[in-house]
Amino acid sequence: MASTDDAPPVTTTAKSAPSPPAASPSPAPEGKLSGKSSPKSGAGSPRNLDDALDPLNGEHWTQHPVEDDSDSVLDSILSSTASLSSSIFEYRNINGRTFHSDKTNAEYWGPNDDKQLQSQDIIHHCLTLVLEGRLYLAPIDAGKISKVLDVGTGGGLWAIDFADLHPNLEVTGTDISPVQPSWVPPNVRFEIEDATLPWTFRENSFDFVHMRYLFGSIPDWDAIFEQAYAATKPGGWIESFEADANLYSEDGTVTEDSPMGTWTKVFKEAKKKFGRTFFPIEEDVQRRGIEKAGFVNITVKDIKVPMTGFPKDPKLKEIGQYSHLAIEQDLEGMVLYIFGEVMGWSVVEIHAFLAHFRKQMRNKNCHPLFPIRIVYAQKPEKKKD
């Protein structure tokens, strides 16, 4: 694989020929994350990490405490990117540390509070940089379409930006939490809808269906693409933009027993208990599900994204800096539910692990990457049989 220092972000492109059509988590219960050691934790504490428990056991990360200066480092990162950061925070005014309502059947593993939404806003900016300033790759003709759907819109920035760029279009964003801003372009509206349940939209309603970063929240990917197919107009397009919770390096600086290597292992184990994959790229759920639903003219783009600002290439370095900033903004929110409620780690163990994780992430000799994949395809002009 080419070095990240020199290679452009997009690394592979595959396109299929047209073919005949084929056929989010509840908030943690109060008191669950008590801060006490997990029942499985041993009584004796190894003196050396070499003798420590399995890294998948949260107590492993409490054996050698590390100094966690997350606040000061975050301030430094924010300061270094201040000239570019102001515009991506302007919509957020939500306070508190919360998850989505437990009065619905929806399941999603991330918080929906201000801290997490700011992290999502930075991720949105980072992913826009990955696409070299674009919001999508599908070859839609914005001058000839009228309705766009953004599934799992989160804080709504993608929908808002798209609506700003195309004021002649109607953009609908759906999510399980009402956390979107009220001050938006007049051609945007947000609806509360669980994408894993039957969709309420009429068939053949949208010219373009966009969905991004749904990993870890979809129990049946084939079903969601079937619903997207039904909602898309003949000749319309779908685009799925996903990441894997797979942290790796090309030079061996991310090892299996490191915090980043453990991150990958924990999310793999969590899938077995949670029933939702955090590895849609590895499992090829996008291309397979989109093709099975009946879409044609399928294009797949795989992109490797630096997790920190280590690359020498200025564009990749900027992407890595924003990726680092997004993670530092709310690293706790990314793991709290999965590590605690699903895997059974205590708060003490989670924060011990996060301290080790931050230390590795801030090591300039560590060169972590994570994969993203974009799949876009077209609904045939004729209906499926």
# chains A, B, ... in the order shown; residues from 1 in each chain; ligands from 1

$ closest_atom_pairs --of "range 242-325 of chain A" --to "range 337-359 of chain A" --cutoff "8 Å" --atoms "only C-alpha atoms" --output "CSV"
residue,atom,partner,partner_atom,distance
A:Pro259,CA,A:Phe357,CA,5.1
A:Met260,CA,A:Phe357,CA,6.5
A:Val266,CA,A:Phe339,CA,7.6
A:Phe267,CA,A:Ile338,CA,7.7
A:Ala270,CA,A:Val342,CA,6.4
A:Lys273,CA,A:Val342,CA,6.7
A:Phe274,CA,A:Val342,CA,6.7

$ write_last_selection --atoms "N, CA and C atoms" --output "PDB file, in the first residue's frame"
ATOM      1  N   PRO A 259      -3.442   0.408  22.796  1.00  0.00           N
ATOM      2  CA  PRO A 259      -4.815   0.901  22.984  1.00  0.00           C
ATOM      3  C   PRO A 259      -5.610   0.957  21.688  1.00  0.00           C
ATOM      4  N   MET A 260      -4.996   1.404  20.593  1.00  0.00           N
ATOM      5  CA  MET A 260      -5.715   1.479  19.323  1.00  0.00           C
ATOM      6  C   MET A 260      -6.050   0.094  18.795  1.00  0.00           C
ATOM      7  N   VAL A 266     -12.251  -4.541  20.819  1.00  0.00           N
ATOM      8  CA  VAL A 266     -13.438  -4.337  21.650  1.00  0.00           C
ATOM      9  C   VAL A 266     -14.674  -4.159  20.777  1.00  0.00           C
ATOM     10  N   PHE A 267     -14.572  -3.353  19.706  1.00  0.00           N
ATOM     11  CA  PHE A 267     -15.724  -3.138  18.848  1.00  0.00           C
ATOM     12  C   PHE A 267     -16.108  -4.407  18.081  1.00  0.00           C
ATOM     13  N   ALA A 270     -17.999  -6.329  20.625  1.00  0.00           N
ATOM     14  CA  ALA A 270     -19.276  -5.673  20.897  1.00  0.00           C
ATOM     15  C   ALA A 270     -20.322  -6.062  19.867  1.00  0.00           C
ATOM     16  N   LYS A 273     -22.375  -9.008  20.876  1.00  0.00           N
ATOM     17  CA  LYS A 273     -23.342  -8.787  21.949  1.00  0.00           C
ATOM     18  C   LYS A 273     -24.414  -7.775  21.564  1.00  0.00           C
ATOM     19  N   PHE A 274     -24.048  -6.816  20.739  1.00  0.00           N
ATOM     20  CA  PHE A 274     -24.928  -5.695  20.401  1.00  0.00           C
ATOM     21  C   PHE A 274     -25.789  -5.982  19.178  1.00  0.00           C
TER      22      PHE A 274
END

$ residues_around --residues "Gln321 in chain A" --least-positions-apart "5" --cutoff "9 Å" --atoms "only C-alpha atoms" --output "list in words"
Ile77, Thr81, Cys126, Pro306, Met307, Thr308, Gly309, Phe310, Leu316 and Ala326 of chain A

$ write_last_selection --atoms "all heavy atoms" --output "PDB file, in the first residue's frame"
ATOM      1  N   ILE A  77      -5.051  22.085  20.480  1.00  0.00           N
ATOM      2  CA  ILE A  77      -5.529  21.710  19.154  1.00  0.00           C
ATOM      3  C   ILE A  77      -6.544  22.728  18.648  1.00  0.00           C
ATOM      4  O   ILE A  77      -6.520  23.145  17.497  1.00  0.00           O
ATOM      5  CB  ILE A  77      -6.141  20.300  19.179  1.00  0.00           C
ATOM      6  CG1 ILE A  77      -5.072  19.269  19.564  1.00  0.00           C
ATOM      7  CG2 ILE A  77      -6.733  19.941  17.823  1.00  0.00           C
ATOM      8  CD1 ILE A  77      -5.638  17.889  19.808  1.00  0.00           C
ATOM      9  N   THR A  81      -6.237  25.314  15.270  1.00  0.00           N
ATOM     10  CA  THR A  81      -7.181  25.246  14.162  1.00  0.00           C
ATOM     11  C   THR A  81      -8.272  26.308  14.269  1.00  0.00           C
ATOM     12  O   THR A  81      -9.299  26.210  13.612  1.00  0.00           O
ATOM     13  CB  THR A  81      -7.835  23.852  14.096  1.00  0.00           C
ATOM     14  OG1 THR A  81      -8.460  23.578  15.352  1.00  0.00           O
ATOM     15  CG2 THR A  81      -6.820  22.771  13.783  1.00  0.00           C
ATOM     16  N   CYS A 126     -14.230  17.495   8.503  1.00  0.00           N
ATOM     17  CA  CYS A 126     -13.127  16.616   8.118  1.00  0.00           C
ATOM     18  C   CYS A 126     -13.484  15.804   6.878  1.00  0.00           C
ATOM     19  O   CYS A 126     -12.689  15.705   5.937  1.00  0.00           O
ATOM     20  CB  CYS A 126     -12.779  15.699   9.289  1.00  0.00           C
ATOM     21  SG  CYS A 126     -11.487  14.481   8.938  1.00  0.00           S
ATOM     22  N   PRO A 306      -6.019   9.684   7.716  1.00  0.00           N
ATOM     23  CA  PRO A 306      -5.131   9.796   8.877  1.00  0.00           C
ATOM     24  C   PRO A 306      -5.908  10.234  10.108  1.00  0.00           C
ATOM     25  O   PRO A 306      -6.759  11.125  10.028  1.00  0.00           O
ATOM     26  CB  PRO A 306      -4.116  10.860   8.449  1.00  0.00           C
ATOM     27  CG  PRO A 306      -4.819  11.656   7.394  1.00  0.00           C
ATOM     28  CD  PRO A 306      -5.742  10.707   6.687  1.00  0.00           C
ATOM     29  N   MET A 307      -5.630   9.599  11.239  1.00  0.00           N
ATOM     30  CA  MET A 307      -6.362   9.902  12.460  1.00  0.00           C
ATOM     31  C   MET A 307      -5.741  11.063  13.228  1.00  0.00           C
ATOM     32  O   MET A 307      -6.366  11.642  14.117  1.00  0.00           O
ATOM     33  CB  MET A 307      -6.413   8.660  13.346  1.00  0.00           C
ATOM     34  CG  MET A 307      -7.602   8.629  14.294  1.00  0.00           C
ATOM     35  SD  MET A 307      -7.709   7.054  15.142  1.00  0.00           S
ATOM     36  CE  MET A 307      -6.612   7.337  16.515  1.00  0.00           C
ATOM     37  N   THR A 308      -4.497  11.394  12.902  1.00  0.00           N
ATOM     38  CA  THR A 308      -3.808  12.531  13.509  1.00  0.00           C
ATOM     39  C   THR A 308      -3.077  13.285  12.399  1.00  0.00           C
ATOM     40  O   THR A 308      -3.068  12.849  11.241  1.00  0.00           O
ATOM     41  CB  THR A 308      -2.805  12.077  14.587  1.00  0.00           C
ATOM     42  OG1 THR A 308      -1.785  11.260  13.978  1.00  0.00           O
ATOM     43  CG2 THR A 308      -3.506  11.269  15.682  1.00  0.00           C
ATOM     44  N   GLY A 309      -2.427  14.371  12.758  1.00  0.00           N
ATOM     45  CA  GLY A 309      -1.783  15.202  11.757  1.00  0.00           C
ATOM     46  C   GLY A 309      -0.367  14.795  11.407  1.00  0.00           C
ATOM     47  O   GLY A 309       0.472  15.664  11.154  1.00  0.00           O
ATOM     48  N   PHE A 310      -0.090  13.485  11.331  1.00  0.00           N
ATOM     49  CA  PHE A 310       1.274  13.033  11.059  1.00  0.00           C
ATOM     50  C   PHE A 310       1.718  13.131   9.597  1.00  0.00           C
ATOM     51  O   PHE A 310       2.917  13.213   9.324  1.00  0.00           O
ATOM     52  CB  PHE A 310       1.459  11.584  11.543  1.00  0.00           C
ATOM     53  CG  PHE A 310       0.737  10.559  10.725  1.00  0.00           C
ATOM     54  CD1 PHE A 310       1.309  10.023   9.578  1.00  0.00           C
ATOM     55  CD2 PHE A 310      -0.521  10.109  11.088  1.00  0.00           C
ATOM     56  CE1 PHE A 310       0.641   9.075   8.816  1.00  0.00           C
ATOM     57  CE2 PHE A 310      -1.199   9.169  10.333  1.00  0.00           C
ATOM     58  CZ  PHE A 310      -0.610   8.653   9.192  1.00  0.00           C
ATOM     59  N   LEU A 316      -3.431  16.127   3.580  1.00  0.00           N
ATOM     60  CA  LEU A 316      -3.651  14.990   4.476  1.00  0.00           C
ATOM     61  C   LEU A 316      -3.381  15.377   5.924  1.00  0.00           C
ATOM     62  O   LEU A 316      -4.050  14.903   6.845  1.00  0.00           O
ATOM     63  CB  LEU A 316      -2.771  13.815   4.070  1.00  0.00           C
ATOM     64  CG  LEU A 316      -3.116  13.139   2.738  1.00  0.00           C
ATOM     65  CD1 LEU A 316      -2.104  12.052   2.414  1.00  0.00           C
ATOM     66  CD2 LEU A 316      -4.525  12.578   2.776  1.00  0.00           C
ATOM     67  N   ALA A 326     -11.659  16.082  16.353  1.00  0.00           N
ATOM     68  CA  ALA A 326     -12.985  15.495  16.552  1.00  0.00           C
ATOM     69  C   ALA A 326     -12.957  14.423  17.628  1.00  0.00           C
ATOM     70  O   ALA A 326     -13.857  14.335  18.472  1.00  0.00           O
ATOM     71  CB  ALA A 326     -13.500  14.913  15.238  1.00  0.00           C
TER      72      ALA A 326
END

$ closest_residue --among "A:Lys379, A:Ile192, A:Leu129, A:Lys233" --to "Pro314 in chain A" --atoms "only C-alpha atoms"
A:Leu129

$ closest_residue --among "A:Pro181, A:Gly333, A:Gly173, A:Pro371" --to "Gly152 in chain A" --atoms "only C-alpha atoms"
A:Gly173

$ select_by_dssp --residues "range 218-267 of chain A" --states "alpha helix (DSSP H)" --output "list in words"
Trp221, Asp222, Ala223, Ile224, Phe225, Glu226, Gln227, Ala228, Tyr229, Ala230, Ala231, Pro259, Met260, Gly261, Thr262, Trp263, Thr264, Lys265, Val266 and Phe267 of chain A

$ closest_atom_pairs --of "range 323-385 of chain A" --to "range 278-288 of chain A" --cutoff "8 Å" --atoms "only C-alpha atoms" --output "Markdown table"
| residue | atom | partner | partner_atom | distance |
| --- | --- | --- | --- | --- |
| A:Pro371 | CA | A:Ile281 | CA | 7.9 |
| A:Ile372 | CA | A:Ile281 | CA | 7.3 |
| A:Arg373 | CA | A:Ile281 | CA | 6.5 |
| A:Val375 | CA | A:Arg287 | CA | 6.4 |

$ atom_distance --atom1 "CA of Leu325 in chain A" --atom2 "CA of Leu247 in chain A"
16.2 Å

$ closest_residue --among "A:Leu165, A:Leu157, A:Leu135, A:Ile290" --to "Asp222 in chain A" --atoms "only C-alpha atoms"
A:Ile290

$ closest_residue --among "A:Val148, A:Ala231, A:Ile224, A:Ile176" --to "Arg189 in chain A" --atoms "only C-alpha atoms"
A:Val148

$ atom_distance --atom1 "CA of Tyr213 in chain A" --atom2 "CA of Asp313 in chain A"
25.8 Å

$ select_by_dssp --residues "range 118-365 of chain A" --states "strand (DSSP E)" --output "number ranges by chain"
A: 147-151, 170-175, 188-192, 206-212, 232-243, 296-306

$ decode --residues "range 209-225 of chain A" --atoms "N, CA, C and O atoms" --output "PDB file, in the first residue's frame"
ATOM      1  N   VAL A 209     -30.837   9.900  -2.290  1.00  0.00           N
ATOM      2  CA  VAL A 209     -30.885   9.451  -0.906  1.00  0.00           C
ATOM      3  C   VAL A 209     -29.448   9.336  -0.396  1.00  0.00           C
ATOM      4  O   VAL A 209     -28.643   8.573  -0.950  1.00  0.00           O
ATOM      5  N   HIS A 210     -29.149  10.091   0.641  1.00  0.00           N
ATOM      6  CA  HIS A 210     -27.797  10.131   1.200  1.00  0.00           C
ATOM      7  C   HIS A 210     -27.827   9.559   2.609  1.00  0.00           C
ATOM      8  O   HIS A 210     -28.733   9.853   3.396  1.00  0.00           O
ATOM      9  N   MET A 211     -26.852   8.726   2.953  1.00  0.00           N
ATOM     10  CA  MET A 211     -26.740   8.216   4.323  1.00  0.00           C
ATOM     11  C   MET A 211     -25.261   8.112   4.680  1.00  0.00           C
ATOM     12  O   MET A 211     -24.444   7.686   3.873  1.00  0.00           O
ATOM     13  N   ARG A 212     -24.936   8.550   5.902  1.00  0.00           N
ATOM     14  CA  ARG A 212     -23.519   8.616   6.283  1.00  0.00           C
ATOM     15  C   ARG A 212     -23.338   8.275   7.756  1.00  0.00           C
ATOM     16  O   ARG A 212     -24.128   8.685   8.609  1.00  0.00           O
ATOM     17  N   TYR A 213     -22.289   7.517   8.043  1.00  0.00           N
ATOM     18  CA  TYR A 213     -21.866   7.184   9.405  1.00  0.00           C
ATOM     19  C   TYR A 213     -23.000   6.536  10.213  1.00  0.00           C
ATOM     20  O   TYR A 213     -23.307   6.948  11.329  1.00  0.00           O
ATOM     21  N   LEU A 214     -23.584   5.498   9.647  1.00  0.00           N
ATOM     22  CA  LEU A 214     -24.613   4.728  10.346  1.00  0.00           C
ATOM     23  C   LEU A 214     -24.034   3.465  10.990  1.00  0.00           C
ATOM     24  O   LEU A 214     -24.777   2.672  11.557  1.00  0.00           O
ATOM     25  N   PHE A 215     -22.724   3.278  10.887  1.00  0.00           N
ATOM     26  CA  PHE A 215     -22.130   2.051  11.425  1.00  0.00           C
ATOM     27  C   PHE A 215     -22.411   1.925  12.931  1.00  0.00           C
ATOM     28  O   PHE A 215     -22.419   2.894  13.659  1.00  0.00           O
ATOM     29  N   GLY A 216     -22.685   0.692  13.350  1.00  0.00           N
ATOM     30  CA  GLY A 216     -23.007   0.433  14.745  1.00  0.00           C
ATOM     31  C   GLY A 216     -24.454   0.693  15.103  1.00  0.00           C
ATOM     32  O   GLY A 216     -24.830   0.548  16.267  1.00  0.00           O
ATOM     33  N   SER A 217     -25.283   1.065  14.125  1.00  0.00           N
ATOM     34  CA  SER A 217     -26.676   1.390  14.441  1.00  0.00           C
ATOM     35  C   SER A 217     -27.692   0.648  13.582  1.00  0.00           C
ATOM     36  O   SER A 217     -28.897   0.796  13.808  1.00  0.00           O
ATOM     37  N   ILE A 218     -27.230  -0.154  12.622  1.00  0.00           N
ATOM     38  CA  ILE A 218     -28.138  -0.821  11.689  1.00  0.00           C
ATOM     39  C   ILE A 218     -28.109  -2.336  11.911  1.00  0.00           C
ATOM     40  O   ILE A 218     -27.087  -2.981  11.673  1.00  0.00           O
ATOM     41  N   PRO A 219     -29.229  -2.932  12.346  1.00  0.00           N
ATOM     42  CA  PRO A 219     -29.256  -4.386  12.527  1.00  0.00           C
ATOM     43  C   PRO A 219     -29.385  -5.152  11.218  1.00  0.00           C
ATOM     44  O   PRO A 219     -28.957  -6.299  11.126  1.00  0.00           O
ATOM     45  N   ASP A 220     -29.972  -4.537  10.193  1.00  0.00           N
ATOM     46  CA  ASP A 220     -30.193  -5.215   8.908  1.00  0.00           C
ATOM     47  C   ASP A 220     -29.919  -4.226   7.778  1.00  0.00           C
ATOM     48  O   ASP A 220     -30.779  -3.437   7.393  1.00  0.00           O
ATOM     49  N   TRP A 221     -28.705  -4.275   7.238  1.00  0.00           N
ATOM     50  CA  TRP A 221     -28.315  -3.334   6.187  1.00  0.00           C
ATOM     51  C   TRP A 221     -29.081  -3.584   4.887  1.00  0.00           C
ATOM     52  O   TRP A 221     -29.424  -2.641   4.169  1.00  0.00           O
ATOM     53  N   ASP A 222     -29.341  -4.854   4.575  1.00  0.00           N
ATOM     54  CA  ASP A 222     -30.101  -5.140   3.363  1.00  0.00           C
ATOM     55  C   ASP A 222     -31.471  -4.470   3.413  1.00  0.00           C
ATOM     56  O   ASP A 222     -31.956  -3.923   2.418  1.00  0.00           O
ATOM     57  N   ALA A 223     -32.094  -4.502   4.590  1.00  0.00           N
ATOM     58  CA  ALA A 223     -33.431  -3.927   4.736  1.00  0.00           C
ATOM     59  C   ALA A 223     -33.421  -2.420   4.525  1.00  0.00           C
ATOM     60  O   ALA A 223     -34.330  -1.857   3.893  1.00  0.00           O
ATOM     61  N   ILE A 224     -32.406  -1.736   5.037  1.00  0.00           N
ATOM     62  CA  ILE A 224     -32.375  -0.275   4.899  1.00  0.00           C
ATOM     63  C   ILE A 224     -32.140   0.121   3.443  1.00  0.00           C
ATOM     64  O   ILE A 224     -32.708   1.109   2.954  1.00  0.00           O
ATOM     65  N   PHE A 225     -31.355  -0.669   2.715  1.00  0.00           N
ATOM     66  CA  PHE A 225     -31.149  -0.348   1.305  1.00  0.00           C
ATOM     67  C   PHE A 225     -32.391  -0.693   0.476  1.00  0.00           C
ATOM     68  O   PHE A 225     -32.677  -0.026  -0.529  1.00  0.00           O
TER      69      PHE A 225
END
